[in-house]
Every structure is written in structure tokens, then in C-alpha cells.
file target-v3.csv (CSV, N, CA and C atoms)
chain,number,residue,atom,x,y,z
A,789,MET,N,47.5,-67.9,-89.4
A,789,MET,CA,48.1,-66.5,-89.4
A,789,MET,C,47.1,-65.5,-88.9
A,790,ASN,N,47.6,-64.5,-88.2
A,790,ASN,CA,46.7,-63.4,-87.8
A,790,ASN,C,46.2,-62.6,-89.0
A,791,PRO,N,44.9,-62.4,-89.1
A,791,PRO,CA,44.4,-61.7,-90.2
A,791,PRO,C,44.9,-60.2,-90.4
A,792,VAL,N,45.4,-59.6,-89.3
A,792,VAL,CA,45.9,-58.2,-89.4
A,792,VAL,C,47.4,-58.2,-89.6
A,793,ALA,N,48.1,-59.3,-89.6
A,793,ALA,CA,49.5,-59.3,-89.7
A,793,ALA,C,50.0,-58.6,-91.0
A,794,GLY,N,49.3,-58.8,-92.1
A,794,GLY,CA,49.7,-58.1,-93.3
A,794,GLY,C,49.5,-56.6,-93.3
A,795,ARG,N,48.7,-56.1,-92.4
A,795,ARG,CA,48.4,-54.6,-92.3
A,795,ARG,C,49.5,-53.9,-91.5
A,796,LEU,N,50.2,-54.7,-90.7
A,796,LEU,CA,51.2,-54.1,-89.8
A,796,LEU,C,52.5,-53.8,-90.5
A,797,THR,N,52.5,-52.8,-91.4
A,797,THR,CA,53.6,-52.5,-92.3
A,797,THR,C,54.5,-51.5,-91.7
A,798,MET,N,54.2,-50.9,-90.5
A,798,MET,CA,55.1,-49.9,-89.9
A,798,MET,C,55.7,-50.4,-88.6
A,799,ARG,N,56.7,-49.7,-88.1
A,799,ARG,CA,57.3,-50.1,-86.9
A,799,ARG,C,57.3,-48.9,-85.9
A,800,ALA,N,56.9,-49.2,-84.7
A,800,ALA,CA,56.9,-48.1,-83.7
A,800,ALA,C,58.0,-48.4,-82.7
A,801,ALA,N,58.8,-47.3,-82.5
A,801,ALA,CA,59.8,-47.4,-81.4
A,801,ALA,C,59.2,-46.9,-80.1
A,802,VAL,N,58.8,-47.9,-79.3
A,802,VAL,CA,58.0,-47.6,-78.1
A,802,VAL,C,59.0,-47.3,-76.9
A,803,GLU,N,58.7,-46.3,-76.2
A,803,GLU,CA,59.4,-46.0,-74.9
A,803,GLU,C,58.5,-46.0,-73.8
A,804,ARG,N,59.0,-46.4,-72.6
A,804,ARG,CA,58.1,-46.4,-71.4
A,804,ARG,C,58.8,-45.6,-70.3
A,805,ASN,N,58.0,-45.0,-69.5
A,805,ASN,CA,58.4,-44.2,-68.3
A,805,ASN,C,59.1,-45.1,-67.3
A,806,THR,N,60.3,-44.9,-66.9
A,806,THR,CA,61.0,-45.7,-66.0
A,806,THR,C,61.2,-45.0,-64.6
A,807,ALA,N,60.7,-43.7,-64.5
A,807,ALA,CA,60.9,-43.0,-63.3
A,807,ALA,C,59.9,-43.5,-62.2
A,808,THR,N,60.4,-43.6,-61.0
A,808,THR,CA,59.5,-44.1,-59.9
A,808,THR,C,59.7,-43.1,-58.7
A,809,GLY,N,58.8,-43.1,-57.8
A,809,GLY,CA,58.9,-42.3,-56.6
A,809,GLY,C,58.2,-41.0,-56.7
A,810,THR,N,58.3,-40.2,-55.7
A,810,THR,CA,57.7,-38.9,-55.6
A,810,THR,C,58.7,-37.9,-55.2
A,811,ASP,N,58.4,-36.6,-55.5
A,811,ASP,CA,59.2,-35.5,-55.0
A,811,ASP,C,58.9,-35.2,-53.6
A,812,PRO,N,59.6,-34.2,-53.0
A,812,PRO,CA,59.4,-33.9,-51.6
A,812,PRO,C,58.0,-33.4,-51.3
A,813,TYR,N,57.2,-33.1,-52.3
A,813,TYR,CA,55.8,-32.6,-52.1
A,813,TYR,C,54.8,-33.7,-52.3
A,814,GLY,N,55.3,-34.9,-52.6
A,814,GLY,CA,54.4,-36.1,-52.8
A,814,GLY,C,53.9,-36.2,-54.2
A,815,ASN,N,54.4,-35.4,-55.1
A,815,ASN,CA,54.0,-35.5,-56.5
A,815,ASN,C,54.9,-36.5,-57.3
A,816,PRO,N,54.4,-37.2,-58.3
A,816,PRO,CA,55.3,-38.1,-59.1
A,816,PRO,C,56.4,-37.3,-59.6
A,817,VAL,N,57.6,-38.0,-59.7
A,817,VAL,CA,58.8,-37.3,-60.3
A,817,VAL,C,58.6,-37.2,-61.8
A,818,ALA,N,59.4,-36.3,-62.4
A,818,ALA,CA,59.3,-36.1,-63.9
A,818,ALA,C,59.5,-37.4,-64.6
A,819,PRO,N,58.8,-37.7,-65.7
A,819,PRO,CA,59.0,-38.9,-66.4
A,819,PRO,C,60.3,-39.0,-67.1
A,820,VAL,N,60.9,-40.2,-67.1
A,820,VAL,CA,62.1,-40.5,-67.8
A,820,VAL,C,61.8,-41.7,-68.7
A,821,PHE,N,61.8,-41.4,-70.0
A,821,PHE,CA,61.4,-42.5,-71.0
A,821,PHE,C,62.6,-43.2,-71.5
A,822,ALA,N,62.5,-44.5,-71.5
A,822,ALA,CA,63.6,-45.4,-72.0
A,822,ALA,C,63.1,-46.3,-73.1
A,823,ALA,N,63.9,-46.7,-74.0
A,823,ALA,CA,63.5,-47.6,-75.1
A,823,ALA,C,62.9,-48.9,-74.4
A,824,HIS,N,61.8,-49.3,-75.0
A,824,HIS,CA,61.1,-50.5,-74.4
A,824,HIS,C,61.0,-51.6,-75.5
A,825,ALA,N,60.5,-51.3,-76.7
A,825,ALA,CA,60.3,-52.3,-77.7
A,825,ALA,C,60.1,-51.6,-79.1
A,826,THR,N,60.4,-52.4,-80.1
A,826,THR,CA,60.0,-52.0,-81.5
A,826,THR,C,58.9,-52.9,-81.9
A,827,LEU,N,57.7,-52.3,-82.1
A,827,LEU,CA,56.5,-53.1,-82.4
A,827,LEU,C,56.0,-52.9,-83.8
A,828,ALA,N,55.6,-54.0,-84.5
A,828,ALA,CA,54.9,-53.9,-85.7
A,828,ALA,C,53.6,-53.2,-85.5
A,829,CYS,N,53.2,-52.3,-86.4
A,829,CYS,CA,52.0,-51.5,-86.2
A,829,CYS,C,51.5,-50.9,-87.5
A,830,PHE,N,50.4,-50.3,-87.4
A,830,PHE,CA,49.9,-49.5,-88.5
A,830,PHE,C,49.3,-48.2,-87.9
A,831,VAL,N,49.7,-47.1,-88.3
A,831,VAL,CA,49.3,-45.8,-87.7
A,831,VAL,C,48.5,-45.0,-88.8
A,832,TRP,N,47.4,-44.4,-88.4
A,832,TRP,CA,46.6,-43.7,-89.4
A,832,TRP,C,45.9,-42.5,-88.7
A,833,SER,N,45.5,-41.6,-89.5
A,833,SER,CA,44.8,-40.4,-89.0
A,833,SER,C,43.3,-40.6,-89.4
A,834,ARG,N,42.4,-40.6,-88.4
A,834,ARG,CA,41.0,-40.7,-88.7
A,834,ARG,C,40.4,-39.4,-89.2
A,835,SER,N,40.8,-38.3,-88.7
A,835,SER,CA,40.3,-37.0,-89.1
A,835,SER,C,41.3,-35.9,-88.7
A,836,SER,N,41.2,-34.8,-89.4
A,836,SER,CA,42.0,-33.6,-89.0
A,836,SER,C,41.1,-32.4,-89.2
A,837,ARG,N,41.2,-31.5,-88.3
A,837,ARG,CA,40.5,-30.2,-88.5
A,837,ARG,C,41.2,-29.1,-87.9
A,838,GLU,N,40.9,-27.9,-88.4
A,838,GLU,CA,41.6,-26.7,-87.9
A,838,GLU,C,40.7,-26.0,-86.9
A,839,LEU,N,41.2,-25.6,-85.8
A,839,LEU,CA,40.5,-24.9,-84.8
A,839,LEU,C,41.0,-23.5,-84.7
A,840,VAL,N,40.1,-22.5,-85.0
A,840,VAL,CA,40.5,-21.1,-85.1
A,840,VAL,C,39.9,-20.3,-83.9
A,841,GLY,N,40.8,-19.6,-83.2
A,841,GLY,CA,40.4,-18.8,-82.1
A,841,GLY,C,40.7,-17.4,-82.4
A,842,ASP,N,40.5,-16.5,-81.4
A,842,ASP,CA,40.8,-15.1,-81.5
A,842,ASP,C,42.2,-14.8,-81.8
A,843,GLU,N,43.1,-15.5,-81.1
A,843,GLU,CA,44.5,-15.2,-81.2
A,843,GLU,C,45.4,-16.4,-81.7
A,844,ARG,N,44.7,-17.6,-81.8
A,844,ARG,CA,45.5,-18.8,-82.2
A,844,ARG,C,44.7,-19.6,-83.2
A,845,THR,N,45.5,-20.4,-83.9
A,845,THR,CA,45.0,-21.4,-84.8
A,845,THR,C,45.7,-22.7,-84.5
A,846,ALA,N,44.9,-23.8,-84.3
A,846,ALA,CA,45.6,-25.1,-84.0
A,846,ALA,C,45.0,-26.2,-84.9
A,847,MET,N,45.8,-27.2,-85.2
A,847,MET,CA,45.3,-28.3,-86.0
A,847,MET,C,45.1,-29.4,-85.0
A,848,ILE,N,43.9,-30.0,-85.0
A,848,ILE,CA,43.5,-31.1,-84.2
A,848,ILE,C,43.4,-32.4,-85.1
A,849,GLU,N,44.2,-33.4,-84.7
A,849,GLU,CA,44.2,-34.6,-85.5
A,849,GLU,C,43.9,-35.8,-84.6
A,850,ASP,N,43.0,-36.7,-85.1
A,850,ASP,CA,42.6,-37.9,-84.4
A,850,ASP,C,43.5,-39.0,-85.0
A,851,MET,N,44.5,-39.4,-84.3
A,851,MET,CA,45.4,-40.5,-84.8
A,851,MET,C,45.2,-41.8,-84.0
A,852,ARG,N,45.3,-42.9,-84.7
A,852,ARG,CA,45.1,-44.2,-84.1
A,852,ARG,C,46.2,-45.1,-84.5
A,853,ALA,N,46.4,-46.2,-83.7
A,853,ALA,CA,47.4,-47.2,-84.1
A,853,ALA,C,46.9,-48.6,-83.8
A,854,MET,N,47.2,-49.5,-84.7
A,854,MET,CA,46.8,-50.9,-84.6
A,854,MET,C,48.1,-51.7,-84.3
A,855,PHE,N,48.0,-52.6,-83.3
A,855,PHE,CA,49.1,-53.5,-83.0
A,855,PHE,C,48.6,-54.9,-82.9
A,856,ALA,N,49.5,-55.9,-83.0
A,856,ALA,CA,49.1,-57.3,-82.9
A,856,ALA,C,48.6,-57.6,-81.5
A,857,LEU,N,47.7,-58.6,-81.4
A,857,LEU,CA,47.3,-59.0,-80.1
A,857,LEU,C,48.5,-59.5,-79.3
A,858,GLY,N,48.6,-59.2,-78.1
A,858,GLY,CA,49.8,-59.6,-77.3
A,858,GLY,C,50.9,-58.6,-77.3
A,859,ALA,N,50.9,-57.6,-78.1
A,859,ALA,CA,51.9,-56.5,-78.1
A,859,ALA,C,52.0,-55.8,-76.8
A,860,ASP,N,53.2,-55.6,-76.3
A,860,ASP,CA,53.4,-54.9,-75.0
A,860,ASP,C,53.3,-53.4,-75.2
A,861,ILE,N,52.1,-52.9,-75.2
A,861,ILE,CA,51.8,-51.4,-75.4
A,861,ILE,C,50.8,-51.1,-74.4
A,862,VAL,N,51.0,-50.0,-73.6
A,862,VAL,CA,50.0,-49.6,-72.5
A,862,VAL,C,49.8,-48.1,-72.5
A,863,GLU,N,48.8,-47.7,-71.8
A,863,GLU,CA,48.5,-46.3,-71.7
A,863,GLU,C,49.7,-45.5,-71.2
A,864,ASP,N,50.0,-44.4,-71.7
A,864,ASP,CA,51.1,-43.4,-71.4
A,864,ASP,C,52.4,-43.8,-71.9
A,865,ASP,N,52.5,-45.0,-72.7
A,865,ASP,CA,53.7,-45.2,-73.4
A,865,ASP,C,53.9,-44.2,-74.5
A,866,GLU,N,55.1,-43.9,-74.9
A,866,GLU,CA,55.3,-42.9,-76.0
A,866,GLU,C,56.0,-43.6,-77.2
A,867,ILE,N,55.7,-43.2,-78.3
A,867,ILE,CA,56.3,-43.7,-79.6
A,867,ILE,C,57.2,-42.6,-80.1
A,868,ALA,N,58.5,-43.0,-80.1
A,868,ALA,CA,59.6,-42.0,-80.4
A,868,ALA,C,59.6,-41.8,-81.9
A,869,SER,N,59.3,-42.8,-82.7
A,869,SER,CA,59.2,-42.7,-84.2
A,869,SER,C,58.4,-43.8,-84.8
A,870,VAL,N,57.9,-43.5,-85.9
A,870,VAL,CA,57.1,-44.5,-86.7
A,870,VAL,C,57.8,-44.6,-88.1
A,871,THR,N,58.3,-45.8,-88.4
A,871,THR,CA,59.1,-46.0,-89.6
A,871,THR,C,58.5,-47.2,-90.4
A,872,ASP,N,58.9,-47.3,-91.7
A,872,ASP,CA,58.5,-48.4,-92.5
A,872,ASP,C,59.5,-49.5,-92.2
A,873,ARG,N,59.4,-50.7,-92.8
A,873,ARG,CA,60.2,-51.8,-92.5
A,873,ARG,C,61.7,-51.6,-92.8
A,874,GLN,N,62.0,-50.7,-93.7
A,874,GLN,CA,63.4,-50.4,-94.0
A,874,GLN,C,64.0,-49.3,-93.1
A,875,GLY,N,63.2,-48.8,-92.1
A,875,GLY,CA,63.7,-47.8,-91.2
A,875,GLY,C,63.5,-46.4,-91.6
A,876,ASN,N,62.8,-46.1,-92.7
A,876,ASN,CA,62.5,-44.7,-93.2
A,876,ASN,C,61.4,-44.1,-92.3
A,877,GLU,N,61.6,-43.0,-91.8
A,877,GLU,CA,60.6,-42.3,-91.0
A,877,GLU,C,59.4,-42.0,-91.8
A,878,ILE,N,58.2,-42.4,-91.2
A,878,ILE,CA,56.9,-42.1,-91.9
A,878,ILE,C,56.2,-41.0,-91.2
A,879,ILE,N,56.2,-41.0,-89.8
A,879,ILE,CA,55.5,-40.0,-89.0
A,879,ILE,C,56.6,-39.4,-88.1
A,880,ALA,N,56.8,-38.1,-88.3
A,880,ALA,CA,57.8,-37.4,-87.5
A,880,ALA,C,57.1,-36.9,-86.2
A,881,GLY,N,58.0,-36.9,-85.2
A,881,GLY,CA,57.5,-36.4,-83.9
A,881,GLY,C,57.1,-37.5,-82.9
A,882,ARG,N,57.0,-37.2,-81.6
A,882,ARG,CA,56.6,-38.1,-80.6
A,882,ARG,C,55.1,-38.2,-80.5
A,883,LEU,N,54.6,-39.4,-80.2
A,883,LEU,CA,53.2,-39.7,-80.0
A,883,LEU,C,53.0,-40.4,-78.6
A,884,ARG,N,52.0,-40.1,-77.9
A,884,ARG,CA,51.7,-40.7,-76.6
A,884,ARG,C,50.4,-41.5,-76.7
A,885,VAL,N,50.4,-42.7,-76.1
A,885,VAL,CA,49.2,-43.5,-76.1
A,885,VAL,C,48.3,-42.9,-75.1
A,886,GLU,N,47.1,-42.5,-75.5
A,886,GLU,CA,46.1,-41.8,-74.7
A,886,GLU,C,45.0,-42.8,-74.3
A,887,GLY,N,44.8,-42.9,-73.0
A,887,GLY,CA,43.7,-43.8,-72.5
A,887,GLY,C,44.1,-45.2,-72.7
A,888,PRO,N,43.2,-46.1,-72.2
A,888,PRO,CA,43.6,-47.5,-72.3
A,888,PRO,C,43.6,-48.1,-73.7
A,889,VAL,N,44.5,-49.0,-73.9
A,889,VAL,CA,44.6,-49.7,-75.2
A,889,VAL,C,43.4,-50.6,-75.3
A,890,GLN,N,42.7,-50.5,-76.5
A,890,GLN,CA,41.5,-51.3,-76.7
A,890,GLN,C,41.8,-52.7,-77.3
A,891,ARG,N,41.2,-53.7,-76.8
A,891,ARG,CA,41.4,-55.0,-77.4
A,891,ARG,C,40.2,-55.3,-78.4
A,892,LYS,N,40.6,-55.5,-79.6
A,892,LYS,CA,39.6,-55.8,-80.6
A,892,LYS,C,39.6,-57.3,-80.9
A,893,HIS,N,38.8,-57.8,-81.8
A,893,HIS,CA,38.8,-59.3,-82.0
A,893,HIS,C,40.2,-59.8,-82.6
A,894,THR,N,40.8,-59.0,-83.4
A,894,THR,CA,42.0,-59.4,-84.2
A,894,THR,C,43.2,-58.6,-83.9
A,895,HIS,N,43.1,-57.5,-83.1
A,895,HIS,CA,44.2,-56.6,-82.8
A,895,HIS,C,44.0,-55.8,-81.6
A,896,LEU,N,45.0,-55.0,-81.2
A,896,LEU,CA,44.9,-54.0,-80.2
A,896,LEU,C,44.9,-52.6,-80.9
A,897,GLU,N,44.1,-51.7,-80.4
A,897,GLU,CA,44.0,-50.4,-81.0
A,897,GLU,C,44.2,-49.3,-79.9
A,898,ALA,N,45.0,-48.3,-80.3
A,898,ALA,CA,45.3,-47.2,-79.3
A,898,ALA,C,45.1,-45.9,-79.9
A,899,ALA,N,44.6,-44.9,-79.1
A,899,ALA,CA,44.4,-43.5,-79.5
A,899,ALA,C,45.8,-42.9,-79.3
A,900,LEU,N,46.2,-42.0,-80.2
A,900,LEU,CA,47.5,-41.4,-80.0
A,900,LEU,C,47.4,-39.8,-80.0
A,901,LYS,N,48.3,-39.2,-79.3
A,901,LYS,CA,48.3,-37.7,-79.1
A,901,LYS,C,49.7,-37.3,-79.4
A,902,ARG,N,49.9,-36.2,-80.1
A,902,ARG,CA,51.2,-35.7,-80.4
A,902,ARG,C,51.8,-35.1,-79.1
A,903,VAL,N,53.1,-35.3,-78.9
A,903,VAL,CA,53.7,-34.7,-77.7
A,903,VAL,C,54.7,-33.6,-78.1
A,904,GLY,N,54.6,-32.5,-77.4
A,904,GLY,CA,55.5,-31.4,-77.7
A,904,GLY,C,55.1,-30.4,-78.7

call {"tool": "encode", "arguments": {"input": "target-v3.csv", "output": "C-alpha cells"}}
result
Amino acid sequence: MNPVAGRLTMRAAVERNTATGTDPYGNPVAPVFAAHATLACFVWSRSSRELVGDERTAMIEDMRAMFALGADIVEDDEIASVTDRQGNEIIAGRLRVEGPVQRKHTHLEAALKRVG
């Protein structure tokens, strides 16, 4: 049995961009996300801090996700929701996989960014 399987207590509804081609100016067309897979995962926040400027205040959060080896998750995929095994929402809002997914010895690990 995979040593991290017991930690993967959450479910990520993963969506992938299905848009292809370019617009008349040669730029990629707007992304169109479609359901791709529901993957067992564990999502956590490594740190959170408040950034205060002259006119704005923003919260910056470093979120990560762990997936089983072999999970079909790639850079720029989006997670529409994170739920527990019963389908109760745990983390509200969309998350995007930022940068390449890292392969660790026992699992895959991805950096996440809030979308919207």
C-alpha cells in the first residue's frame, strides 16, 4: 500500500483547458475548462500573510496539494472544488496548479494559486 494513501482524505474536482488554436492575432484563445477527473488529495496552507500597501490590503497564502503517484494532474489545471469523502466542501473557490507538478518519493506535490 502507498504510504501516503491514508493522508489523501480530500477530493479535488480537476478541470483541464480544452481550448485549442489561436485568435486572428496569433494569441491563444481564451481557456475553456471542462471536467477532467476527481482525484484523491490533501490540500493545505503552508503560510499566510497580510500585505499592506498605501491603498490596498491583500492576503497572500501559500497553498500546496498532495496527490498519489500516477495522478493525472499537470501545470495550469484548475481545481473547481475541494471536498471531503462525503462531498462536503472544504475549500471554497477555484485553485490553479502553478508551475510544474513535483514528483516526490511517495507522492506528487503541486503549488496552488487562488483564481478570481

call {"tool": "atom_distance", "arguments": {"input": "target-v3.csv", "atom1": "atom N of A:Asn876", "atom2": "atom N of A:Glu803"}}
result
17.0 Å

call {"tool": "select_by_dssp", "arguments": {"input": "target-v3.csv", "residues": "chain A", "states": "strand (DSSP E or B)", "output": "ChimeraX atom specification"}}
result
/A:798-805,810,816,821-840,845-856,866-872,877-879,882-891,895-903

call {"tool": "closest_residue", "arguments": {"input": "target-v3.csv", "among": "A:Ile867, A:Ala898, A:Ala859, A:Met854", "to": "A:Ile879", "atoms": "only C-alpha atoms"}}
result
A:Ile867

call {"tool": "atom_distance", "arguments": {"input": "target-v3.csv", "atom1": "atom N of A:Arg884", "atom2": "atom N of A:Ser869"}}
result
9.1 Å

call {"tool": "closest_residue", "arguments": {"input": "target-v3.csv", "among": "A:Val831, A:Ala818, A:Ala825, A:Ala793", "to": "A:Ala853", "atoms": "all atoms listed in the file"}}
result
A:Val831

call {"tool": "atom_distance", "arguments": {"input": "target-v3.csv", "atom1": "atom C of A:His893", "atom2": "atom CA of A:Ala828"}}
result
16.1 Å

call {"tool": "residues_around", "arguments": {"input": "target-v3.csv", "residues": "A:Arg799", "least_positions_apart": "4", "cutoff": "9 Å", "atoms": "only C-alpha atoms", "output": "list in words"}}
result
Thr826, Leu827, Ala828, Cys829, Phe830, Ser869, Val870, Thr871, Asp872, Arg873 and Gly875 of chain A
